[in-house]
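Asks: Input input00.tsv, format and content: TSV, C-alpha atoms (C1' of nucleotides).
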```tsv
chain	number	residue	atom	x	y	z
A	779	MET	CA	0.00	0.00	0.00
A	780	ARG	CA	1.28	3.40	-0.95
A	781	LYS	CA	1.55	6.09	1.70
A	782	SER	CA	1.93	9.84	1.48
A	783	SER	CA	5.45	9.60	2.83
A	784	ASP	CA	6.45	7.53	-0.17
A	785	ARG	CA	7.47	10.72	-1.87
A	786	ASN	CA	10.57	10.58	0.25
A	787	LEU	CA	11.81	7.42	-1.38
A	788	PHE	CA	14.92	7.65	-3.49
A	789	TYR	CA	13.68	5.09	-5.90
A	790	ASP	CA	10.16	4.93	-7.17
A	791	ASN	CA	9.81	1.35	-8.22
A	792	GLU	CA	6.14	0.41	-8.40
A	793	ASN	CA	7.01	-3.22	-7.86
A	794	ALA	CA	9.38	-2.87	-4.97
A	795	SER	CA	6.86	-2.35	-2.20
A	796	GLN	CA	4.36	-4.93	-3.31
A	797	ASN	CA	6.93	-7.62	-2.96
A	798	THR	CA	6.15	-9.37	0.27
A	799	ILE	CA	8.89	-11.36	1.88
A	800	LYS	CA	8.37	-15.05	2.43
A	801	ASP	CA	9.65	-16.79	5.54
A	802	THR	CA	11.14	-19.61	3.54
A	803	ASP	CA	13.12	-17.21	1.36
A	804	VAL	CA	14.67	-15.67	4.45
A	805	TYR	CA	15.66	-19.04	5.85
A	806	ASP	CA	17.15	-20.11	2.53
A	807	LEU	CA	19.28	-16.99	2.47
A	808	LEU	CA	20.48	-17.56	6.00
A	809	LEU	CA	22.05	-20.79	4.93
A	810	LYS	CA	24.36	-18.82	2.66
A	811	ILE	CA	26.03	-17.05	5.56
A	812	PRO	CA	29.00	-19.14	6.65
A	813	ALA	CA	30.20	-19.44	10.22
A	814	GLY	CA	32.57	-16.62	11.05
A	815	LYS	CA	30.64	-14.11	8.94
A	816	VAL	CA	27.51	-12.04	9.52
A	817	SER	CA	24.94	-10.22	7.46
A	818	THR	CA	22.33	-7.65	8.33
A	819	TYR	CA	18.54	-7.50	8.36
A	820	GLY	CA	18.67	-4.85	5.65
A	821	ASP	CA	21.00	-6.88	3.46
A	822	LEU	CA	18.63	-9.84	3.55
A	823	ALA	CA	15.68	-7.61	2.75
A	824	LYS	CA	17.57	-6.05	-0.13
A	825	ALA	CA	18.68	-9.41	-1.46
A	826	LEU	CA	15.02	-10.41	-1.52
A	827	GLY	CA	14.08	-7.37	-3.55
A	828	ASN	CA	12.49	-5.28	-0.82
A	829	PRO	CA	15.20	-2.97	0.58
A	830	LEU	CA	12.84	-1.28	3.03
A	831	ALA	CA	11.63	-4.46	4.65
A	832	SER	CA	14.45	-4.98	7.13
A	833	ARG	CA	12.01	-4.89	9.97
A	834	GLN	CA	9.94	-7.70	8.52
A	835	VAL	CA	13.06	-9.77	8.21
A	836	GLY	CA	13.64	-9.29	11.92
A	837	ARG	CA	10.09	-10.29	12.73
A	838	ILE	CA	10.37	-13.40	10.58
A	839	LEU	CA	13.57	-14.43	12.33
A	840	GLY	CA	11.83	-13.72	15.62
A	841	ARG	CA	9.23	-16.40	15.25
A	842	ASN	CA	12.07	-18.72	14.57
A	843	PRO	CA	11.06	-22.06	13.26
A	844	ASN	CA	14.18	-23.98	14.05
A	845	PRO	CA	16.95	-22.20	15.95
A	846	ILE	CA	19.24	-25.18	15.52
A	847	LYS	CA	19.13	-25.65	11.76
A	848	VAL	CA	18.70	-21.99	10.87
A	849	PRO	CA	21.58	-19.70	11.85
A	850	CYS	CA	19.53	-16.66	12.84
A	851	HIS	CA	22.34	-15.50	15.10
A	852	ARG	CA	24.43	-14.50	12.08
A	853	VAL	CA	22.17	-11.56	11.32
A	854	VAL	CA	23.06	-8.29	13.05
A	855	MET	CA	22.16	-4.62	12.76
A	856	SER	CA	23.39	-2.41	9.95
A	857	ASP	CA	25.68	-0.49	12.31
A	858	GLY	CA	27.35	-3.65	13.58
A	859	LYS	CA	25.46	-3.91	16.85
A	860	VAL	CA	24.34	-7.36	17.89
A	861	GLY	CA	20.62	-6.96	17.51
A	862	GLY	CA	17.93	-9.12	19.01
A	863	TYR	CA	17.71	-12.82	19.55
A	864	PHE	CA	15.03	-15.15	20.80
A	865	TYR	CA	17.24	-16.37	23.63
A	866	GLY	CA	18.64	-12.90	24.32
A	867	SER	CA	21.50	-11.04	22.71
A	868	ASP	CA	24.03	-12.40	25.20
A	869	ARG	CA	23.33	-15.88	23.93
A	870	LYS	CA	23.64	-14.55	20.40
A	871	LYS	CA	27.06	-13.09	21.13
A	872	GLU	CA	28.20	-16.36	22.64
A	873	LEU	CA	27.22	-18.26	19.52
A	874	LEU	CA	29.05	-15.79	17.31
A	875	GLU	CA	32.12	-15.83	19.51
A	876	LYS	CA	32.14	-19.59	19.22
A	877	GLU	CA	32.40	-19.01	15.47
A	878	GLY	CA	35.40	-16.75	15.85
A	879	ILE	CA	33.75	-13.35	15.96
A	880	SER	CA	34.70	-10.89	18.68
A	881	PHE	CA	32.93	-7.87	20.13
A	882	THR	CA	33.69	-4.63	21.80
A	883	ASP	CA	30.69	-3.72	23.82
A	884	GLU	CA	27.65	-4.61	21.79
A	885	SER	CA	29.35	-4.23	18.43
A	886	VAL	CA	30.99	-6.76	16.15
A	887	ASN	CA	34.71	-6.19	15.58
A	888	ASN	CA	35.96	-5.85	12.00
A	889	PHE	CA	32.38	-5.50	10.86
A	890	MET	CA	33.31	-4.37	7.36
A	891	GLU	CA	35.56	-7.38	6.83
A	892	ILE	CA	33.18	-10.10	7.92
A	893	ARG	CA	29.96	-8.64	6.64
A	894	ILE	CA	28.26	-10.37	3.76
A	895	GLN	CA	26.35	-7.82	1.71
A	896	ALA	CA	23.16	-8.11	-0.26
A	897	ASP	CA	24.72	-8.67	-3.68
A	898	GLU	CA	26.69	-11.62	-2.33
A	899	LEU	CA	23.47	-13.21	-1.10
A	900	VAL	CA	21.34	-12.92	-4.19
A	901	ILE	CA	20.43	-16.29	-5.59
U	681	DG	C1'	-0.65	-1.23	17.17
U	682	DC	C1'	3.42	-3.54	17.31
U	683	DC	C1'	8.36	-4.72	15.95
U	684	DA	C1'	15.11	-9.15	16.53
U	685	DT	C1'	15.56	-2.10	11.71
U	686	DG	C1'	17.63	1.88	9.31
U	687	DG	C1'	19.39	6.26	8.46
U	688	DC	C1'	19.54	11.11	9.28
U	689	DT	C1'	19.81	15.17	12.23
U	690	DA	C1'	20.86	17.91	15.99
U	691	DG	C1'	23.95	19.06	19.13
U	692	DT	C1'	27.67	17.63	22.70
U	693	DA	C1'	32.62	17.37	23.74
W	1173	DG	C1'	16.83	10.21	19.49
W	1174	DC	C1'	13.40	10.46	16.21
W	1175	DC	C1'	10.53	8.95	12.79
W	1176	DA	C1'	9.56	6.27	8.49
W	1177	DT	C1'	8.93	1.54	6.83
W	1178	DG	C1'	5.61	-2.69	5.87
W	1179	DG	C1'	3.35	-6.63	7.16
W	1180	DC	C1'	1.47	-9.36	10.88
W	1181	DT	C1'	-1.30	-10.09	15.07
W	1182	DA	C1'	-4.38	-9.54	18.68
W	1183	DG	C1'	-8.66	-8.69	19.64
W	1184	DT	C1'	-13.06	-5.97	18.84
W	1185	DA	C1'	-17.62	-6.12	16.78
```
Show me this structure written as structure tokens.

Replies:
Amino acid sequence: MRKSSDRNLFYDNENASQNTIKDTDVYDLLLKIPAGKVSTYGDLAKALGNPLASRQVGRILGRNPNPIKVPCHRVVMSDGKVGGYFYGSDRKKELLEKEGISFTDESVNNFMEIRIQADELVI
DNA sequence: GCCATGGCTAGTA
DNA sequence: GCCATGGCTAGTA
């Protein structure tokens, strides 16, 4: 649905905003992030053709189907902060640290180096 | 309305 | 910190 604030968009692609994101697409993409790397909610959204839908991606990960098979913990915020996790962000950090990622405070170290961006995720 | 986000702006140090 | 985004969900009628 188009809103009055849409005039603020940089791009004006009629198709972009009617592309709803499917849970299964998100989970498929997650499998492309190897241990030791991270991606962001926005990158996933962008890779799925809906760059503004980062928040939906978060919600989809939130009602996590299968925390064991699906590496939700490898998705962080666009500024390198940990972001949310069903079992709490401390648990999320632990999992990432186990994969070789370190933090200062709530932020991933060497974010630029280990981040997988949207174009690397596109199928 | 809510939300596991994002990005921009003001304004501090 | 503020506000825009977009789709889902709870819960009313």

Asks: With only C-alpha atoms (C1' of nucleotides) as the atoms that count, which of A:Arg852, A:Arg837, A:Arg869, A:Lys800 lies nearest to U:DC682?

Replies: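 Distance minimum relative to U:DC682 lands on A:Arg837.
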
Asks: Given all atoms listed in the file, how would the per-residue table for chain U near chain A read, listing every residue at most 12 Å away with its closest atom pair and distance in Å to one decimal, sorted by chain and number, as CSV?

Replies:
```
residue,atom,partner,partner_atom,distance
U:DC682,C1',A:Arg837,CA,10.5
U:DC683,C1',A:Arg837,CA,6.7
U:DA684,C1',A:Gly862,CA,3.8
U:DT685,C1',A:Arg833,CA,4.8
U:DG686,C1',A:Ser856,CA,7.2
U:DG687,C1',A:Ser856,CA,9.7
```

Asks: Report the distance between atom CA of A:Lys815 and atom CA of A:Ile892 in Å, rounded to one decimal place.

Replies: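 Interatomic distance here is 4.9 Å.
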
Asks: Quick one: what's the axis-aligned box for chain U, all listed atoms, 5 Å on every side, centre and edges in Å to one decimal, as JSON?

Replies:
```
{"center_x": 16.0, "center_y": 5.0, "center_z": 16.1, "size_x": 43.3, "size_y": 38.2, "size_z": 25.3}
```

Asks: For atom CA of A:Gly827 and atom CA of A:Asn797, determine how far apart the two atoms are, in Å to one decimal place.

Replies: 7.2 Å

Asks: Determine, counting only C-alpha atoms (C1' of nucleotides), every residue of protein, DNA or RNA that lies within 12 Å of (33.6, -4.7, 13.9) in the file coordinates, then give the result as a list in words.

Replies: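 Residues found, by chain and rising number: Lys815, Val816, Val854, Met855, Ser856, Asp857, Gly858, Lys859, Val860, Ile879, Ser880, Phe881, Thr882, Asp883, Glu884, Ser885, Val886, Asn887, Asn888, Phe889, Met890, Glu891, Ile892 and Arg893 of chain A.
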
Asks: Just how far from atom CA of A:Gln895 is atom CA of A:Asp821, in Å to one decimal?

Replies: 5.7 Å
